[in-house]
Every structure is written in structure tokens, then in C-alpha cells.
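Colleague: Next comes final_4.cif, mmCIF, C-alpha atoms:
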```
data_coords
#
loop_
_atom_site.label_atom_id
_atom_site.label_comp_id
_atom_site.auth_asym_id
_atom_site.auth_seq_id
_atom_site.Cartn_x
_atom_site.Cartn_y
_atom_site.Cartn_z
CA MET A 1 -45.32 105.04 14.90
CA SER A 2 -44.15 106.89 18.00
CA GLN A 3 -40.54 107.32 19.00
CA THR A 4 -41.08 105.10 22.06
CA GLU A 5 -42.38 102.22 19.91
CA GLN A 6 -39.44 102.16 17.47
CA PRO A 7 -36.85 100.68 19.88
CA GLN A 8 -39.31 97.93 20.88
CA PHE A 9 -39.66 96.92 17.22
CA SER A 10 -35.90 96.85 16.70
CA ALA A 11 -35.32 94.76 19.81
CA SER A 12 -37.94 92.21 18.73
CA GLN A 13 -36.45 91.96 15.27
CA SER A 14 -32.99 91.49 16.74
CA GLN A 15 -34.20 88.69 19.03
CA ARG A 16 -35.79 86.85 16.11
CA SER A 17 -32.54 87.15 14.17
CA LEU A 18 -30.57 85.73 17.07
CA ARG A 19 -32.99 82.84 17.46
CA SER A 20 -32.72 82.08 13.74
CA LYS A 21 -28.94 82.09 13.90
CA LYS A 22 -29.02 79.82 16.95
CA LEU A 23 -31.36 77.38 15.21
CA LEU A 24 -29.16 77.36 12.12
CA GLY A 25 -26.11 76.76 14.30
CA ASN A 26 -27.80 73.86 16.09
CA ALA A 27 -28.89 72.34 12.78
CA PHE A 28 -25.35 72.65 11.42
CA ASP A 29 -23.93 71.01 14.56
CA LEU A 30 -26.45 68.17 14.18
CA LEU A 31 -25.47 67.65 10.55
CA LYS A 32 -21.79 67.56 11.53
CA PHE A 33 -22.54 65.01 14.24
CA ILE A 34 -24.49 62.80 11.80
CA ALA A 35 -21.67 63.05 9.24
CA VAL A 36 -19.08 62.00 11.84
CA VAL A 37 -21.22 59.04 12.94
CA LEU A 38 -21.70 57.90 9.34
CA LEU A 39 -17.97 58.17 8.67
CA MET A 40 -17.26 56.11 11.78
CA VAL A 41 -19.78 53.45 10.71
CA PHE A 42 -18.25 53.23 7.24
CA ALA A 43 -14.73 53.11 8.72
CA ILE A 44 -15.66 50.36 11.18
CA ARG A 45 -17.35 48.38 8.43
CA ALA A 46 -14.40 48.75 6.07
CA LEU A 47 -11.60 48.25 8.59
CA VAL A 48 -13.06 46.02 11.30
CA PHE A 49 -16.21 44.10 10.32
CA GLN A 50 -17.85 43.07 7.06
CA THR A 51 -20.98 41.06 6.31
CA TYR A 52 -21.18 38.22 3.82
CA GLU A 53 -23.77 35.83 2.49
CA VAL A 54 -22.90 32.17 1.95
CA TYR A 55 -23.44 30.74 -1.53
CA GLY A 56 -23.32 27.01 -2.10
CA GLN A 57 -22.89 23.93 0.09
CA SER A 58 -19.10 23.71 0.43
CA MET A 59 -19.15 24.52 4.15
CA GLU A 60 -22.02 22.25 5.19
CA PRO A 61 -22.91 21.18 7.81
CA THR A 62 -21.32 24.19 9.58
CA LEU A 63 -22.66 26.84 7.20
CA SER A 64 -25.49 26.63 4.68
CA ASP A 65 -26.47 28.46 1.51
CA GLY A 66 -28.04 31.81 2.43
CA ASP A 67 -26.43 32.16 5.87
CA ARG A 68 -25.51 35.76 6.69
CA LEU A 69 -22.14 36.15 8.39
CA VAL A 70 -20.00 38.78 10.11
CA ILE A 71 -16.29 38.66 9.29
CA SER A 72 -13.69 40.30 11.53
CA ARG A 73 -10.79 42.14 9.90
CA VAL A 74 -9.09 43.04 13.18
CA GLY A 75 -6.25 40.54 12.78
CA LYS A 76 -5.74 41.44 9.14
CA VAL A 77 -5.68 45.19 9.81
CA TYR A 78 -3.23 44.73 12.70
CA ALA A 79 -0.94 42.58 10.55
CA ASN A 80 -0.99 45.17 7.78
CA THR A 81 -0.29 47.97 10.26
CA THR A 82 2.69 46.14 11.75
CA ASN A 83 3.89 44.92 8.34
CA GLN A 84 3.56 41.26 9.30
CA PRO A 85 1.93 38.32 7.49
CA TYR A 86 -1.60 37.53 8.64
CA ILE A 87 -1.78 33.82 9.48
CA PRO A 88 -5.12 32.73 11.02
CA SER A 89 -5.27 30.03 13.65
CA ARG A 90 -5.86 26.41 12.74
CA GLY A 91 -9.55 25.60 12.71
CA GLU A 92 -10.66 29.17 12.00
CA ILE A 93 -13.07 29.79 9.14
CA ILE A 94 -11.79 32.55 6.87
CA VAL A 95 -12.89 34.57 3.85
CA PHE A 96 -10.35 35.24 1.11
CA HIS A 97 -10.08 36.44 -2.47
CA GLU A 98 -9.48 34.00 -5.30
CA PRO A 99 -5.72 33.34 -5.44
CA ASP A 100 -5.76 33.88 -9.22
CA GLY A 101 -6.79 37.51 -8.73
CA GLY A 102 -10.49 37.06 -9.52
CA GLU A 103 -13.28 39.01 -7.82
CA LEU A 104 -14.84 35.95 -6.17
CA GLN A 105 -14.49 35.70 -2.39
CA ILE A 106 -14.37 32.22 -0.86
CA ILE A 107 -14.98 30.87 2.64
CA LYS A 108 -13.12 27.80 4.00
CA ARG A 109 -11.59 26.37 7.17
CA VAL A 110 -7.86 26.66 7.94
CA VAL A 111 -6.23 23.24 8.37
CA GLY A 112 -2.53 23.59 7.59
CA LEU A 113 -0.12 26.39 8.57
CA PRO A 114 3.14 27.58 6.94
CA GLY A 115 5.85 24.92 6.91
CA GLU A 116 3.53 22.05 7.79
CA ARG A 117 3.06 18.95 5.69
CA VAL A 118 -0.54 18.07 4.88
CA VAL A 119 -1.43 14.58 3.68
CA VAL A 120 -4.86 13.48 2.47
CA ARG A 121 -5.05 9.76 1.82
CA ASP A 122 -7.61 6.98 2.17
CA GLY A 123 -10.33 9.35 3.34
CA GLU A 124 -8.23 10.86 6.13
CA MET A 125 -6.38 14.17 6.48
CA ARG A 126 -3.25 14.36 8.62
CA VAL A 127 -0.90 17.25 9.44
CA PHE A 128 2.81 16.88 10.26
CA ASN A 129 4.93 19.54 11.98
CA SER A 130 7.88 19.86 14.38
CA GLU A 131 5.63 19.38 17.42
CA ASN A 132 3.91 16.36 15.86
CA PRO A 133 6.45 14.51 13.67
CA GLY A 134 4.13 11.50 13.60
CA GLY A 135 1.24 13.64 12.44
CA PHE A 136 -2.16 14.45 13.94
CA LEU A 137 -5.76 14.67 12.76
CA PRO A 138 -6.77 18.38 12.55
CA ASP A 139 -10.44 17.44 12.22
CA GLU A 140 -10.40 16.26 15.84
CA LEU A 141 -9.74 19.85 16.97
CA VAL A 142 -13.07 21.25 15.74
CA ASP A 143 -16.68 20.54 16.72
CA VAL A 144 -17.64 19.03 13.36
CA GLU A 145 -17.87 15.33 12.54
CA PHE A 146 -16.12 14.30 9.33
CA SER A 147 -16.65 10.72 8.25
CA TYR A 148 -14.57 10.89 5.06
CA THR A 149 -12.24 13.43 3.41
CA ASN A 150 -12.03 13.04 -0.34
CA GLY A 151 -8.76 13.65 -2.18
CA ALA A 152 -5.14 12.62 -2.56
CA VAL A 153 -2.65 15.27 -1.37
CA ASP A 154 0.87 15.33 0.01
CA LEU A 155 2.39 18.81 0.21
CA THR A 156 4.25 21.23 2.45
CA VAL A 157 2.49 24.56 2.98
CA PRO A 158 4.66 27.45 1.66
CA ASN A 159 5.66 30.41 3.81
CA ASP A 160 2.88 32.97 4.42
CA ASN A 161 0.30 30.50 3.10
CA VAL A 162 -2.42 28.38 4.69
CA PHE A 163 -4.00 25.11 3.61
CA VAL A 164 -7.80 25.46 3.57
CA VAL A 165 -10.58 22.91 3.22
CA GLY A 166 -14.37 23.09 3.03
CA ASP A 167 -16.34 21.26 5.71
CA ASN A 168 -18.22 19.41 2.98
CA ARG A 169 -15.63 16.75 2.11
CA SER A 170 -17.69 14.87 -0.51
CA PRO A 171 -16.15 14.50 -4.00
CA GLY A 172 -16.55 17.74 -5.97
CA ALA A 173 -18.33 19.54 -3.12
CA SER A 174 -15.62 22.10 -2.33
CA LEU A 175 -12.96 24.00 -4.27
CA ASP A 176 -10.09 24.15 -1.80
CA SER A 177 -6.43 23.30 -1.16
CA ARG A 178 -7.04 19.62 -1.86
CA ASN A 179 -7.67 20.38 -5.53
CA ASP A 180 -7.36 23.25 -8.01
CA LEU A 181 -7.46 26.11 -5.49
CA GLY A 182 -4.11 25.32 -3.90
CA THR A 183 -2.83 27.01 -0.76
CA VAL A 184 -3.88 30.59 0.07
CA LEU A 185 -1.36 33.42 0.46
CA ASP A 186 -1.99 35.72 3.43
CA ASP A 187 -2.30 38.73 1.09
CA TYR A 188 -5.59 37.32 -0.22
CA ILE A 189 -7.19 36.77 3.20
CA VAL A 190 -9.97 39.20 4.15
CA GLY A 191 -10.64 38.07 7.73
CA ASN A 192 -12.09 35.37 9.98
CA LEU A 193 -15.67 34.41 10.77
CA VAL A 194 -16.94 35.64 14.14
CA LEU A 195 -20.74 35.51 13.94
CA ARG A 196 -23.63 33.98 12.00
CA LEU A 197 -26.51 36.46 11.98
CA VAL A 198 -29.03 34.73 9.71
CA PRO A 199 -30.98 32.60 10.15
CA VAL A 200 -31.69 34.16 13.55
CA THR A 201 -32.76 30.77 14.89
CA GLU A 202 -29.18 29.59 14.34
CA LEU A 203 -27.36 32.67 15.64
CA ARG A 204 -23.86 31.56 16.60
CA TRP A 205 -20.48 32.95 17.65
CA PHE A 206 -17.35 31.36 16.22
#
```
So, in terms of C-alpha cells, how does the structure I just supplied come out?

Modeller:
Amino acid sequence: MSQTEQPQFSASQSQRSLRSKKLLGNAFDLLKFIAVVLLMVFAIRALVFQTYEVYGQSMEPTLSDGDRLVISRVGKVYANTTNQPYIPSRGEIIVFHEPDGGELQIIKRVVGLPGERVVVRDGEMRVFNSENPGGFLPDELVDVEFSYTNGAVDLTVPNDNVFVVGDNRSPGASLDSRNDLGTVLDDYIVGNLVLRLVPVTELRWF
């Protein structure tokens, strides 16, 4: 090989090396980007939204067995961040852990708030508070028709607790605050229902 050809070979080899380094750098940057996106997705899922599948008929006719739901944890995360109790609004559908510490997660509707008196008698549920000393019917505040509410209850909801009931009010159809479940402490609440995804023909915001 002549002396004039040697520098041309070295320059070509150097260019290939630079291109290889550039490609490796781009690939590494892409991997970092993918890793950041995945971390953000996992963080959003863990801290903000979670998906659940409904099992059983306790929330019929609003929710049915097999429905796929999206639960928002925004309120819960904010309450934890500000060191405040998380008390959902009346009428909201929430997911919570079993109060006895079990692994089961349950979905019900919030009816009674802390300090309120809840009475279930003669097929009717009534809530008493300072704004309504004569009581009111919480079922009239939601877009579900309830013909009869089974049970016999007369209790005052403790601080940082909520009184929850399934939308299926038939005898034995729902484990909730009218029977053995009792009221639910805010520590056990996961979040509130915001969207039904499946079945897609019944997609609905809550």
C-alpha cells in the first residue's frame, strides 16, 4: 500500500468508529427514554389510577359482574400528602380494603358521612345531620331507582368513617354497612370510581 493510500484508510476507519459510537449513543438515549416512560406509567397507575374488575352482583343495577373499571386515587393521594383523612362525597362509588385487614377489595356506594346518623327501617334508608335534623333520603340524590332497602340499622357514623351500601338492596345481596361489614375507616379506602371501560357498549363516566 502506498504512503498516499494509508491516510485515506485511517480516515475511513475513524469515520466508521464515530458512526458506531453515535448509533450506540442514540440507542442508549432511546433506552433511557423508554425506561422513563415506563416508570411514569407505573407511577401514574400506582398513584393516580388503577383498574378493577367487578365480581358478584352487589352493585347491580349500576355495575355488573365482569365490568372493568378505572378507580381514581387522586383524592386519596392528596389526603395522604396533606396528612388529612380522605372522606369521599356522598353518592360516590368507592373501592376499599376489607376493614378486618384481609386482602379482599370491595366496591360500594357512600351513603353516610362522619357524625351522621343512618337509619334503615321498613325498607327505607334515611340520614340525619345538622343540616337535616328531620332526615333525608340519600337514595334520591343518585340516578338509581331503589324500591326497597333491606335491613334494620340505627347508628352514628364514627369520625373518619363512611357508611357504605351496595346498590343491590335485596336480602343477602350485599356485604356492607347495614350488616357485618360495618362502617369503613378512611385508611382502608383505595379511591373512587371514575370510569367503566368494559363492556365498551356501556362505557360510562361517574

Colleague: Which protein, DNA or RNA residues are at most 9 Å from (2.8, 26.8, 6.0) in the file's coordinates when you count only C-alpha atoms, listed as an MDAnalysis selection string?

Modeller: chainID A and resid 112:117 156:163 183

Colleague: Please provide the set of residues having any atom within 12 Å of Gly166 (chain A), restricted to only C-alpha atoms, with same-chain residues fewer than 3 positions apart removed, written as a JSON list (two decimals) with C-alpha atoms, in the frame of the given file.

Modeller:
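Output (out_35.json):
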```json
[["chain", "number", "residue", "atom", "x", "y", "z"],
["A", 56, "GLY", "CA", -23.32, 27.01, -2.10],
["A", 57, "GLN", "CA", -22.89, 23.93, 0.09],
["A", 58, "SER", "CA", -19.10, 23.71, 0.43],
["A", 59, "MET", "CA", -19.15, 24.52, 4.15],
["A", 60, "GLU", "CA", -22.02, 22.25, 5.19],
["A", 61, "PRO", "CA", -22.91, 21.18, 7.81],
["A", 62, "THR", "CA", -21.32, 24.19, 9.58],
["A", 63, "LEU", "CA", -22.66, 26.84, 7.20],
["A", 64, "SER", "CA", -25.49, 26.63, 4.68],
["A", 91, "GLY", "CA", -9.55, 25.60, 12.71],
["A", 92, "GLU", "CA", -10.66, 29.17, 12.00],
["A", 93, "ILE", "CA", -13.07, 29.79, 9.14],
["A", 94, "ILE", "CA", -11.79, 32.55, 6.87],
["A", 95, "VAL", "CA", -12.89, 34.57, 3.85],
["A", 106, "ILE", "CA", -14.37, 32.22, -0.86],
["A", 107, "ILE", "CA", -14.98, 30.87, 2.64],
["A", 108, "LYS", "CA", -13.12, 27.80, 4.00],
["A", 109, "ARG", "CA", -11.59, 26.37, 7.17],
["A", 110, "VAL", "CA", -7.86, 26.66, 7.94],
["A", 111, "VAL", "CA", -6.23, 23.24, 8.37],
["A", 139, "ASP", "CA", -10.44, 17.44, 12.22],
["A", 144, "VAL", "CA", -17.64, 19.03, 13.36],
["A", 146, "PHE", "CA", -16.12, 14.30, 9.33],
["A", 149, "THR", "CA", -12.24, 13.43, 3.41],
["A", 150, "ASN", "CA", -12.03, 13.04, -0.34],
["A", 163, "PHE", "CA", -4.00, 25.11, 3.61],
["A", 169, "ARG", "CA", -15.63, 16.75, 2.11],
["A", 170, "SER", "CA", -17.69, 14.87, -0.51],
["A", 171, "PRO", "CA", -16.15, 14.50, -4.00],
["A", 172, "GLY", "CA", -16.55, 17.74, -5.97],
["A", 173, "ALA", "CA", -18.33, 19.54, -3.12],
["A", 174, "SER", "CA", -15.62, 22.10, -2.33],
["A", 175, "LEU", "CA", -12.96, 24.00, -4.27],
["A", 176, "ASP", "CA", -10.09, 24.15, -1.80],
["A", 177, "SER", "CA", -6.43, 23.30, -1.16],
["A", 178, "ARG", "CA", -7.04, 19.62, -1.86],
["A", 179, "ASN", "CA", -7.67, 20.38, -5.53],
["A", 181, "LEU", "CA", -7.46, 26.11, -5.49]]
```

Colleague: As an exercise, work out the distance from CA of Ala152 (chain A) to CA of Arg126 (chain A) in Å and give it to one decimal place.

Modeller: 11.5 Å

Colleague: Which residues, written as a short mmCIF file (atom, residue, chain, number, x, y, z; two decimals) with C-alpha atoms, keeping the file's coordinate frame, have at least one atom at most 10 Å from Phe96 (chain A), with all atoms listed in the file counted and residues fewer than 2 positions away on the same chain left out?

Modeller:
```
data_model
loop_
_atom_site.label_atom_id
_atom_site.label_comp_id
_atom_site.auth_asym_id
_atom_site.auth_seq_id
_atom_site.Cartn_x
_atom_site.Cartn_y
_atom_site.Cartn_z
CA ILE A 94 -11.79 32.55 6.87
CA GLU A 98 -9.48 34.00 -5.30
CA PRO A 99 -5.72 33.34 -5.44
CA LEU A 104 -14.84 35.95 -6.17
CA GLN A 105 -14.49 35.70 -2.39
CA ILE A 106 -14.37 32.22 -0.86
CA ILE A 107 -14.98 30.87 2.64
CA LYS A 108 -13.12 27.80 4.00
CA VAL A 184 -3.88 30.59 0.07
CA LEU A 185 -1.36 33.42 0.46
CA ASP A 186 -1.99 35.72 3.43
CA ASP A 187 -2.30 38.73 1.09
CA TYR A 188 -5.59 37.32 -0.22
CA ILE A 189 -7.19 36.77 3.20
CA VAL A 190 -9.97 39.20 4.15
CA GLY A 191 -10.64 38.07 7.73
CA ASN A 192 -12.09 35.37 9.98
#
```

Colleague: Have a look at CA of Glu131 (chain A) and CA of Asn83 (chain A) and let me know their distance in Å, one decimal.

Modeller: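 According to the coordinates, CA of Glu131 (chain A) and CA of Asn83 (chain A) are separated by 27.2 Å.
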
Colleague: Quick check, in Å to one decimal: how far apart do CA of Leu197 (chain A) and CA of Pro85 (chain A) lie?

Modeller: 28.9 Å

Colleague: Which of these, A:Asp122, A:Glu53, A:Asp65, A:Asp167, has the shortest distance to Val153 (chain A) once you count all atoms listed in the file?

Modeller: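 Between A:Asp122, A:Glu53, A:Asp65, A:Asp167, the residue approaching Val153 (chain A) most closely is A:Asp122.
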
Colleague: Would you compute, for all listed atoms of region 187-202 of chain A, the axis-aligned bounding box grown by 5 Å on each side, and then report its centre and edge lengths in Å rounded to one decimal, as JSON?

Modeller:
```
{"center_x": -17.5, "center_y": 34.4, "center_z": 7.3, "size_x": 40.5, "size_y": 19.6, "size_z": 25.1}
```

Colleague: Which is closest to Ile71 (chain A) among A:Gly135, A:Phe206, A:Gly102, A:Tyr86, if we use all atoms listed in the file?

Modeller: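 Of the candidates, the smallest distance to Ile71 (chain A) is held by A:Phe206.
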
Colleague: Nearest residue to Val119 (chain A) out of A:Gly75, A:Pro133, A:Gly151, A:Gly182, using all atoms listed in the file?

Modeller: A:Gly151

Colleague: Hey, can you pull every residue with an atom no more than 10 Å from (-27.8, 29.5, 11.5), using all atoms listed in the file, and send it as a list in words?

Modeller: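 Counting all atoms listed in the file, I find these residues within 10 Å of (-27.8, 29.5, 11.5): Thr62, Leu63, Ser64, Gly66, Asp67, Arg68, Leu69, Leu195, Arg196, Leu197, Val198, Pro199, Val200, Thr201, Glu202, Leu203 and Arg204 of chain A.
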